[in-house]
>>> print(open('query-v1.tsv').read())   # TSV, C-alpha atoms and all ligand atoms
chain	number	residue	atom	x	y	z
E	1	MET	CA	0.00	0.00	0.00
E	2	GLY	CA	1.39	3.33	-1.09
E	3	LYS	CA	0.64	4.99	2.21
E	4	ASP	CA	2.76	2.48	4.10
E	5	ARG	CA	5.71	2.85	1.80
E	6	GLN	CA	5.55	6.59	2.13
E	7	SER	CA	5.21	6.33	5.87
E	8	GLY	CA	8.19	3.98	6.12
E	9	HIS	CA	10.31	6.34	4.09
E	10	SER	CA	9.48	9.30	6.35
E	11	CYS	CA	10.19	7.24	9.42
E	12	ARG	CA	13.63	6.29	8.22
E	13	ILE	CA	14.50	9.92	7.70
E	14	VAL	CA	13.22	10.79	11.12
E	15	GLY	CA	14.98	7.85	12.72
E	16	ARG	CA	18.32	8.80	11.25
E	17	ARG	CA	17.94	12.19	12.87
E	18	ARG	CA	17.43	10.60	16.27
E	19	LEU	CA	13.94	11.80	16.89
E	20	MET	CA	12.69	10.55	20.21
E	21	ALA	CA	9.03	10.81	19.33
E	22	SER	CA	9.12	9.63	15.76
E	23	GLY	CA	5.37	10.00	15.34
E	24	ALA	CA	6.16	13.17	13.42
E	25	CYS	CA	6.41	11.22	10.20
E	26	SER	CA	2.94	9.79	10.51
E	27	PHE	CA	1.70	13.25	11.42
E	28	LEU	CA	3.09	14.59	8.16
E	29	LEU	CA	1.59	11.80	6.13
E	30	VAL	CA	-1.85	12.27	7.62
E	31	ALA	CA	-1.63	16.05	7.39
E	32	LEU	CA	-0.86	15.78	3.70
E	33	THR	CA	-3.68	13.38	2.95
E	34	ALA	CA	-6.37	14.87	5.20
E	35	ARG	CA	-8.86	17.44	4.05
E	36	ALA	CA	-7.78	20.95	4.90
E	37	ASN	CA	-9.83	24.02	5.70
E	38	PRO	CA	-9.46	27.02	3.38
E	39	SER	CA	-6.94	28.29	5.96
E	40	GLY	CA	-4.77	25.20	5.37
E	41	ASN	CA	-5.59	23.95	8.86
E	42	VAL	CA	-6.57	20.31	9.13
E	43	ASN	CA	-9.72	18.97	10.74
E	44	VAL	CA	-8.55	16.12	12.98
E	45	GLU	CA	-11.91	15.06	14.41
E	46	SER	CA	-11.79	11.79	12.48
E	47	TRP	CA	-8.28	10.90	13.66
E	48	HIS	CA	-9.55	9.43	16.93
E	49	LEU	CA	-6.89	11.18	18.93
E	50	PRO	CA	-7.12	10.81	22.71
E	51	ARG	CA	-8.61	13.62	24.74
E	52	LEU	CA	-6.11	16.15	26.00
E	53	ALA	CA	-4.34	14.66	29.01
E	54	PHE	CA	-1.11	15.66	30.71
E	55	THR	CA	0.49	16.46	34.04
E	56	MET	CA	3.22	19.11	34.07
E	57	THR	CA	4.48	22.05	36.06
E	58	GLY	CA	2.90	25.37	35.13
E	59	ALA	CA	5.41	28.19	34.77
E	60	ASP	CA	2.93	30.79	36.04
E	61	THR	CA	2.30	29.17	39.39
E	62	GLY	CA	5.13	26.68	39.81
E	63	GLN	CA	2.38	24.19	40.64
E	64	MET	CA	1.40	20.93	39.02
E	65	VAL	CA	-1.26	21.41	36.36
E	66	THR	CA	-3.26	18.89	34.37
E	67	ALA	CA	-5.47	19.02	31.30
E	68	HIS	CA	-8.41	19.09	33.69
E	69	ASP	CA	-7.44	22.64	34.70
E	70	PHE	CA	-8.08	23.77	31.13
E	71	LEU	CA	-11.53	22.22	30.63
E	72	GLY	CA	-13.91	24.93	29.48
E	73	LYS	CA	-11.18	26.66	27.47
E	74	LEU	CA	-10.23	26.21	23.86
E	75	VAL	CA	-6.62	24.99	24.06
E	76	LEU	CA	-3.76	25.47	21.60
E	77	LEU	CA	-0.82	23.11	22.12
E	78	TYR	CA	2.67	23.91	20.81
E	79	PHE	CA	6.03	22.27	21.51
E	80	GLY	CA	8.97	24.68	21.60
E	81	TYR	CA	11.87	25.94	23.70
E	82	THR	CA	13.09	29.37	24.67
E	83	HIS	CA	16.60	29.08	23.19
E	84	CYS	CA	14.86	29.04	19.81
E	85	PRO	CA	15.14	32.60	18.51
E	86	ASP	CA	13.63	32.03	15.09
E	87	VAL	CA	10.56	29.81	14.63
E	88	CYS	CA	9.32	29.77	18.24
E	89	PRO	CA	8.94	33.55	18.62
E	90	LEU	CA	7.59	33.75	15.08
E	91	THR	CA	4.97	31.13	15.92
E	92	LEU	CA	4.07	32.71	19.28
E	93	HIS	CA	3.91	36.17	17.71
E	94	ASN	CA	1.46	34.83	15.13
E	95	VAL	CA	-0.52	33.12	17.90
E	96	ALA	CA	-0.66	36.49	19.68
E	97	GLN	CA	-1.95	38.09	16.47
E	98	ILE	CA	-4.68	35.44	16.28
E	99	LEU	CA	-5.62	36.11	19.92
E	100	GLN	CA	-5.80	39.82	19.18
E	101	ARG	CA	-8.03	39.11	16.25
E	102	LEU	CA	-10.33	37.06	18.50
E	103	GLY	CA	-10.85	40.13	20.69
E	104	GLU	CA	-12.94	39.32	23.74
E	105	ASN	CA	-13.20	35.68	22.68
E	106	ALA	CA	-9.49	35.29	23.46
E	107	GLU	CA	-10.51	35.03	27.11
E	108	GLY	CA	-11.87	31.58	26.28
E	109	VAL	CA	-8.52	30.45	24.84
E	110	ARG	CA	-5.33	29.18	26.47
E	111	VAL	CA	-2.11	28.47	24.62
E	112	LEU	CA	0.14	25.77	26.08
E	113	PHE	CA	3.80	26.36	25.26
E	114	VAL	CA	5.37	23.05	26.27
E	115	THR	CA	9.14	23.17	26.50
E	116	VAL	CA	10.94	20.27	24.84
E	117	ASP	CA	14.16	21.46	26.51
E	118	PRO	CA	13.28	21.31	30.22
E	119	ASN	CA	16.96	21.09	31.22
E	120	ARG	CA	17.62	24.65	30.05
E	121	ASP	CA	14.14	26.15	30.36
E	122	THR	CA	13.65	27.02	33.99
E	123	LEU	CA	10.18	28.03	35.16
E	124	PRO	CA	11.04	31.75	35.64
E	125	VAL	CA	12.54	32.00	32.13
E	126	LEU	CA	9.57	30.17	30.67
E	127	ARG	CA	7.17	32.49	32.47
E	128	ARG	CA	8.89	35.69	31.34
E	129	TYR	CA	9.22	34.38	27.80
E	130	THR	CA	5.58	33.41	27.28
E	131	HIS	CA	4.15	36.53	28.92
E	132	LEU	CA	5.98	38.79	26.50
E	133	PHE	CA	3.80	37.44	23.70
E	134	ALA	CA	0.34	37.26	25.28
E	135	PRO	CA	-1.20	36.73	28.72
E	136	GLU	CA	-3.13	33.69	27.41
E	137	ILE	CA	0.11	31.77	26.76
E	138	VAL	CA	1.03	29.34	29.54
E	139	GLY	CA	4.50	27.81	29.82
E	140	LEU	CA	4.59	24.13	30.79
E	141	ARG	CA	7.58	22.09	31.88
E	142	GLY	CA	7.43	18.34	32.33
E	143	THR	CA	9.70	15.51	33.31
E	144	ALA	CA	11.10	13.42	30.45
E	145	ASP	CA	8.26	10.92	30.93
E	146	GLN	CA	5.53	13.55	31.15
E	147	LEU	CA	6.79	15.21	27.98
E	148	ALA	CA	7.15	11.93	26.09
E	149	ALA	CA	3.61	10.86	27.01
E	150	LEU	CA	2.08	14.05	25.66
E	151	ALA	CA	4.19	13.96	22.51
E	152	ARG	CA	3.27	10.34	21.80
E	153	ALA	CA	-0.45	10.98	22.15
E	154	TYR	CA	-0.44	13.60	19.38
E	155	HIS	CA	2.48	12.41	17.25
E	156	LEU	CA	4.49	15.50	18.09
E	157	GLY	CA	8.19	15.01	17.41
E	158	TYR	CA	11.02	16.47	19.45
E	159	SER	CA	14.58	15.69	20.46
E	160	VAL	CA	17.42	17.15	22.49
E	161	THR	CA	20.97	16.15	21.58
E	162	PRO	CA	23.59	17.44	24.02
E	163	ALA	CA	26.68	19.07	22.56
E	164	THR	CA	29.66	16.96	21.55
E	165	ALA	CA	33.12	18.01	20.43
E	166	SER	CA	31.97	18.13	16.82
E	167	HIS	CA	28.29	19.04	17.17
E	168	PRO	CA	26.53	21.86	19.03
E	169	TYR	CA	23.58	21.32	21.42
E	170	GLU	CA	20.68	20.56	19.13
E	171	VAL	CA	16.94	20.68	19.73
E	172	THR	CA	14.23	19.71	17.28
E	173	HIS	CA	10.49	20.17	17.68
E	174	SER	CA	7.26	19.89	15.71
E	175	SER	CA	6.05	22.93	13.82
E	176	ALA	CA	2.44	21.98	14.44
E	177	VAL	CA	-0.10	23.61	16.74
E	178	TYR	CA	-3.00	21.40	17.89
E	179	VAL	CA	-6.35	22.86	18.82
E	180	PHE	CA	-8.59	21.22	21.43
E	181	ASP	CA	-12.15	22.25	22.15
E	182	LYS	CA	-13.56	23.07	25.58
E	183	THR	CA	-14.10	19.40	26.31
E	184	GLY	CA	-10.50	18.45	25.49
E	185	ARG	CA	-11.26	16.90	22.12
E	186	ALA	CA	-8.65	17.37	19.40
E	187	ARG	CA	-10.33	19.39	16.66
E	188	LEU	CA	-7.79	21.07	14.43
E	189	LEU	CA	-4.17	20.85	13.43
E	190	ILE	CA	-2.42	24.01	12.29
E	191	PRO	CA	0.54	22.56	10.35
E	192	SER	CA	2.75	25.58	11.07
E	193	LEU	CA	2.52	29.17	12.21
E	194	ALA	CA	6.24	29.73	11.68
E	195	SER	CA	5.57	31.91	8.68
E	196	THR	CA	5.96	35.56	7.79
E	197	THR	CA	2.69	35.28	5.83
E	198	PRO	CA	0.39	33.39	8.20
E	199	ASP	CA	-3.36	33.20	7.67
E	200	ILE	CA	-4.29	35.05	10.86
E	201	ALA	CA	-7.87	35.80	9.82
E	202	GLY	CA	-8.56	32.29	8.55
E	203	THR	CA	-7.16	30.62	11.64
E	204	ALA	CA	-8.98	33.02	13.96
E	205	SER	CA	-12.17	32.18	12.11
E	206	ASP	CA	-11.48	28.44	12.49
E	207	LEU	CA	-11.01	28.94	16.24
E	208	GLU	CA	-14.19	31.00	16.50
E	209	HIS	CA	-16.14	28.17	14.93
E	210	ILE	CA	-14.77	25.72	17.47
E	211	LEU	CA	-15.47	28.17	20.30
E	212	HIS	CA	-19.06	28.73	19.28
E	213	SER	CA	-20.01	25.32	17.96
E	214	GLY	CA	-20.68	22.01	19.62
E	215	THR	CA	-18.33	19.17	18.83
E	216	GLY	CA	-19.99	18.51	15.47
E	217	GLY	CA	-20.02	22.13	14.29
E	218	LEU	CA	-16.83	22.20	12.30
E	219	LEU	CA	-17.57	18.87	10.66
E	220	ALA	CA	-20.95	20.18	9.61
E	221	ARG	CA	-19.36	23.32	8.22
E	222	LEU	CA	-16.77	21.30	6.30
E	223	GLY	CA	-19.55	19.12	4.95
E	224	GLN	CA	-21.20	22.21	3.52
E	225	LEU	CA	-17.99	23.36	1.90
E	226	LEU	CA	-17.05	20.06	0.27
B	1	MET	CA	45.05	58.27	3.85
B	2	PRO	CA	46.04	54.63	4.08
B	3	ASP	CA	42.55	53.13	4.37
B	4	ALA	CA	40.43	55.72	2.65
B	5	PRO	CA	37.03	54.35	1.73
B	6	ILE	CA	36.00	54.60	-1.88
B	7	LEU	CA	32.30	54.86	-1.16
B	8	PRO	CA	30.95	57.35	1.35
B	9	ARG	CA	30.24	55.60	4.61
B	10	THR	CA	27.41	56.65	6.86
B	11	THR	CA	28.45	57.41	10.39
B	12	SER	CA	25.04	57.89	11.96
B	13	GLY	CA	23.03	55.06	13.42
B	14	ARG	CA	20.95	54.84	10.27
B	15	LEU	CA	21.20	52.17	7.67
B	16	PRO	CA	23.92	52.93	5.15
B	17	ALA	CA	22.34	54.28	1.99
B	18	CYS	CA	22.87	52.00	-0.95
B	19	GLN	CA	24.17	53.65	-4.05
B	20	SER	CA	21.13	52.83	-6.11
B	21	CYS	CA	18.90	54.53	-3.56
B	22	ILE	CA	20.55	57.87	-4.26
B	23	PRO	CA	18.92	59.81	-7.12
B	24	ARG	CA	21.03	59.63	-10.26
B	25	ARG	CA	22.02	63.31	-10.26
B	26	ARG	CA	23.16	63.14	-6.65
B	27	ARG	CA	24.83	59.83	-7.22
B	28	CYS	CA	26.83	61.50	-9.95
B	29	ALA	CA	27.81	64.34	-7.61
B	30	VAL	CA	28.79	61.82	-4.95
B	31	THR	CA	30.94	59.97	-7.45
B	32	VAL	CA	32.63	63.18	-8.57
B	33	LEU	CA	33.28	64.21	-4.97
B	34	ALA	CA	34.62	60.80	-4.14
B	35	ALA	CA	36.83	60.90	-7.20
B	36	LEU	CA	38.17	64.33	-6.26
B	37	ALA	CA	38.78	63.34	-2.68
B	38	LEU	CA	40.39	60.03	-3.45
B	39	GLY	CA	41.91	60.71	-6.86
B	40	SER	CA	45.09	58.75	-6.47
B	41	SER	CA	43.50	55.78	-4.81
B	42	LEU	CA	40.98	55.51	-7.63
B	43	ILE	CA	43.75	55.43	-10.20
B	44	LEU	CA	45.51	52.73	-8.21
B	45	PRO	CA	42.69	50.78	-6.62
B	46	ARG	CA	43.83	48.57	-3.79
B	47	ALA	CA	41.79	45.42	-3.71
B	48	GLY	CA	40.95	44.24	-0.21
B	49	ARG	CA	41.62	47.61	1.36
B	50	ALA	CA	38.62	49.40	-0.08
B	51	ASP	CA	35.18	49.13	1.44
B	52	PRO	CA	33.63	45.84	0.35
B	53	PRO	CA	30.77	46.23	-2.11
B	54	VAL	CA	28.17	44.84	0.29
B	55	THR	CA	25.46	46.95	1.88
B	56	VAL	CA	23.34	45.73	4.76
B	57	LEU	CA	19.65	46.65	4.67
B	58	ASN	CA	16.64	46.09	6.95
B	59	SER	CA	18.86	44.71	9.69
B	60	TRP	CA	17.24	44.01	13.06
B	61	PHE	CA	17.23	41.81	16.13
B	62	ARG	CA	14.26	40.24	17.85
B	63	TYR	CA	15.23	40.71	21.49
B	64	ILE	CA	13.25	38.72	24.03
B	65	ILE	CA	14.99	38.47	27.42
B	66	PRO	CA	18.72	38.41	28.31
B	67	GLN	CA	18.63	34.65	29.06
B	68	VAL	CA	17.39	33.77	25.59
B	69	PRO	CA	19.23	34.20	22.25
B	70	ALA	CA	18.08	37.04	20.01
B	71	GLY	CA	17.50	36.30	16.31
B	72	GLY	CA	19.10	38.64	13.77
B	73	TYR	CA	17.79	39.32	10.26
B	74	MET	CA	19.05	41.40	7.33
B	75	THR	CA	19.29	41.77	3.59
B	76	LEU	CA	22.78	41.75	2.07
B	77	LYS	CA	23.20	43.55	-1.23
B	78	ASN	CA	26.26	42.97	-3.37
B	79	THR	CA	26.90	45.78	-5.85
B	80	SER	CA	30.00	44.23	-7.40
B	81	SER	CA	30.50	41.74	-10.21
B	82	GLN	CA	32.12	39.24	-7.84
B	83	PRO	CA	30.24	36.98	-5.41
B	84	MET	CA	30.82	37.92	-1.77
B	85	VAL	CA	31.02	35.14	0.79
B	86	LEU	CA	29.89	35.94	4.33
B	87	THR	CA	31.79	33.76	6.79
B	88	GLY	CA	30.95	35.20	10.17
B	89	ALA	CA	29.65	37.99	12.35
B	90	SER	CA	30.49	39.51	15.68
B	91	SER	CA	29.01	42.09	18.00
B	92	ALA	CA	29.82	43.44	21.42
B	93	ALA	CA	26.08	43.21	22.10
B	94	CYS	CA	25.94	39.45	21.57
B	95	GLY	CA	28.75	37.51	23.15
B	96	MET	CA	28.82	34.73	20.60
B	97	LEU	CA	27.14	35.50	17.27
B	98	THR	CA	26.68	32.69	14.75
B	99	LEU	CA	25.04	32.14	11.39
B	100	HIS	CA	22.14	29.69	11.40
B	101	ARG	CA	19.44	28.30	9.20
B	102	THR	CA	16.09	26.84	10.22
B	103	GLU	CA	15.36	23.61	8.44
B	104	THR	CA	11.93	21.99	8.39
B	105	SER	CA	11.48	18.39	7.38
B	106	GLY	CA	8.67	16.00	8.18
B	107	GLY	CA	6.89	18.70	10.17
B	108	VAL	CA	9.88	19.07	12.50
B	109	ASP	CA	11.97	22.24	12.84
B	110	ARG	CA	15.65	22.33	13.64
B	111	MET	CA	18.41	24.93	13.43
B	112	VAL	CA	21.65	24.14	11.68
B	113	PRO	CA	24.87	26.14	11.93
B	114	VAL	CA	25.95	27.72	8.66
B	115	ALA	CA	29.64	28.13	7.79
B	116	ALA	CA	29.17	30.62	4.96
B	117	VAL	CA	26.60	32.20	2.68
B	118	THR	CA	27.29	33.59	-0.77
B	119	VAL	CA	25.82	36.89	-1.88
B	120	PRO	CA	25.74	36.59	-5.67
B	121	ALA	CA	27.31	39.24	-7.91
B	122	HIS	CA	24.87	42.14	-8.37
B	123	GLY	CA	22.47	40.18	-6.17
B	124	THR	CA	21.00	40.00	-2.70
B	125	PHE	CA	20.83	37.44	0.08
B	126	ARG	CA	18.16	37.64	2.74
B	127	PHE	CA	18.18	36.45	6.33
B	128	VAL	CA	14.45	36.09	7.03
B	129	GLU	CA	12.35	34.63	9.82
B	130	GLY	CA	11.92	30.90	9.42
B	131	GLY	CA	15.07	30.70	7.28
B	132	TYR	CA	18.58	32.07	7.64
B	133	HIS	CA	19.13	33.98	10.85
B	134	MET	CA	21.87	35.11	13.17
B	135	MET	CA	21.99	33.72	16.70
B	136	CYS	CA	22.95	36.39	19.21
B	137	MET	CA	23.68	34.07	22.11
B	138	ASN	CA	24.03	36.45	25.05
B	139	PRO	CA	22.17	39.60	24.08
B	140	VAL	CA	23.09	42.79	25.91
B	141	MET	CA	20.72	45.29	24.33
B	142	HIS	CA	17.41	47.01	24.85
B	143	ILE	CA	14.43	47.57	22.64
B	144	GLY	CA	14.65	50.71	20.52
B	145	GLN	CA	18.44	50.70	20.57
B	146	THR	CA	20.68	50.28	17.53
B	147	VAL	CA	23.62	47.91	17.97
B	148	THR	CA	26.54	47.33	15.63
B	149	VAL	CA	27.25	43.97	14.05
B	150	THR	CA	30.47	43.44	12.10
B	151	LEU	CA	30.16	41.04	9.22
B	152	THR	CA	33.26	39.20	8.03
B	153	PHE	CA	33.71	38.09	4.43
B	154	ALA	CA	35.93	35.42	2.93
B	155	ASP	CA	38.16	38.03	1.27
B	156	GLY	CA	39.00	39.34	4.73
B	157	SER	CA	36.86	42.43	4.50
B	158	ARG	CA	34.71	43.53	7.41
B	159	VAL	CA	31.44	45.41	7.16
B	160	PRO	CA	29.98	47.10	10.23
B	161	ALA	CA	26.20	47.36	10.15
B	162	PRO	CA	23.61	48.94	12.45
B	163	PHE	CA	20.91	46.55	13.73
B	164	VAL	CA	17.69	47.95	15.16
B	165	VAL	CA	16.54	46.15	18.31
B	166	TYR	CA	12.85	45.17	18.30
B	167	GLY	CA	10.84	43.24	20.85
B	168	VAL	CA	8.95	39.99	20.34
B	169	SER	CA	6.64	41.47	17.70
B	170	GLY	CA	9.55	42.42	15.46
B	171	PRO	CA	9.31	45.28	12.95
B	172	SER	CA	5.68	44.37	12.18
B	173	GLY	CA	4.65	45.52	15.64
B	174	SER	CA	4.67	49.23	14.71
B	175	ALA	CA	7.53	51.27	16.19
B	176	PRO	CA	10.27	49.51	18.18
B	177	ASN	CA	9.03	51.30	21.27
B	178	GLY	CA	5.56	49.91	20.72
B	179	ALA	CA	6.92	46.47	21.45
B	180	ALA	CA	8.94	47.68	24.41
B	181	THR	CA	6.09	47.27	26.85
B	182	GLY	CA	5.82	43.60	26.05
B	183	THR	CA	2.14	43.83	26.83
B	184	LYS	CA	-0.65	42.82	24.56
B	185	MET	CA	-1.72	45.77	22.50
B	186	LYS	CA	-5.42	45.99	21.79
B	187	MET	CA	-5.74	47.05	18.19
B	188	PRO	CA	-8.82	48.90	17.01
B	189	MET	CA	-10.64	46.69	14.54
X	301	CU	CU	19.36	29.54	15.41
>>> encode(input="query-v1.tsv", output="structure tokens", more="lines below")
Ligand SMILES: [Cu+2]
Amino acid sequence: MGKDRQSGHSCRIVGRRRLMASGACSFLLVALTARANPSGNVNVESWHLPRLAFTMTGADTGQMVTAHDFLGKLVLLYFGYTHCPDVCPLTLHNVAQILQRLGENAEGVRVLFVTVDPNRDTLPVLRRYTHLFAPEIVGLRGTADQLAALARAYHLGYSVTPATASHPYEVTHSSAVYVFDKTGRARLLIPSLASTTPDIAGTASDLEHILHSGTGGLLARLGQLL
Amino acid sequence: MPDAPILPRTTSGRLPACQSCIPRRRRCAVTVLAALALGSSLILPRAGRADPPVTVLNSWFRYIIPQVPAGGYMTLKNTSSQPMVLTGASSAACGMLTLHRTETSGGVDRMVPVAAVTVPAHGTFRFVEGGYHMMCMNPVMHIGQTVTVTLTFADGSRVPAPFVVYGVSGPSGSAPNGAATGTKMKMPM
């Protein structure tokens, strides 16, 4: 089956690069074959992803937080790290633009910035970093196991390779931003917001639909479009 | 005048004006003045000593907090008929400053160190967000400031360039001072 061959090929590439959570390859495959919204964002309702679940330390409070604390909010999930001066701030800046566009509705949204580099990202740095972009962005830091569990559930790839004599400290992370509705169901995948020409209006409109619709709303809307 | 520049060099904190930006009539006057001032050195041009034919445009840093590297972006313009190879950069405002490229494959982003980039003859090379960038490892700067970065080329020439320091929103977030607050700005819509 063509899909499997393609998937195997992607996995080999990922494996060679020492990705810990090599689900990234299957994420790409599915993202490419799934139906996309006009914004380019992908409806993931049919992927049967598990409900949002995690336990990590929140940078704002220094306390343990779980997915339960975010029930009732629309949640954006992004894996990054603060020593990333290019795509992470670009992504978070675009997220902040989307929140601005949502106006008062932004109050119903939380953005989880999960560090894939917990060794270097201390809670105070994480807190200062996220708050510069928008108050709705929450920094999360987990243990290796907590991070791996969350990454595995949503096929989010990441890796940290400590420096050697010949190679600098290297971190990799998924470009994707997942969107969960108020009940913790995975609804949308934004393939990347690391762009200088992001679709702010289209993505904000996608989020508004999820905010204002029941769980079947987006599917119904897509059904009308296709 | 052992190291007299052939092109006029801006000394203010502004971006150096590229030759093609100057209206033709004034460009002519500038050329005549330069020729008068540097007559002998024009007759006997000294390769390597003259200012390199690279101008740096739209150069800026995204400064976040001191503990986190700042990303640097710019457009390099080569006005000569020879390719110019950028091999490094340094700045007192950065500690270590390296050339990097963001690479995306299979939905995963990584940054790779870059040894050199070539600015083609009569061409440009852009460091843009999500692509080539400079990593300012230990930023000592503040938003609204202009800091100097010295670019080093393979032929040994060095080009100092002013970089404007922006906050997390970058140049898109209105004036550099607009981003200085770091707070969410409510935009009228
Ligand atoms: Cu970098």
>>> interface_residues(input="query-v1.tsv", of="chain B", to="chain E", cutoff="9 Å", atoms="only C-alpha atoms", output="PyMOL selection string")
chain B and resi 62-65+67-72+102+104-113+128-137+167-170+181-187+189
>>> atom_distance(input="query-v1.tsv", atom1="atom CA of E:Val114", atom2="atom CA of E:Arg127")
11.4 Å
>>> residues_around(input="query-v1.tsv", residues="E:Asp199", least_positions_apart="3", cutoff="8 Å", atoms="only C-alpha atoms", output="PyMOL selection string")
chain E and resi 39+202-203
>>> atom_distance(input="query-v1.tsv", atom1="atom CA of E:Ile210", atom2="atom CA of E:Gln63")
28.9 Å
>>> closest_residue(input="query-v1.tsv", among="E:Ala201, E:Leu188, E:Tyr169, E:Val75", to="ligand CU 301 (chain X)", atoms="all atoms listed in the file")
E:Tyr169
>>> closest_residue(input="query-v1.tsv", among="B:Leu99, B:Ala89, B:Ala121, B:Val114", to="B:Thr150", atoms="only C-alpha atoms")
B:Ala89
>>> atom_distance(input="query-v1.tsv", atom1="atom CA of B:Lys77", atom2="atom CA of B:Thr55")
5.1 Å
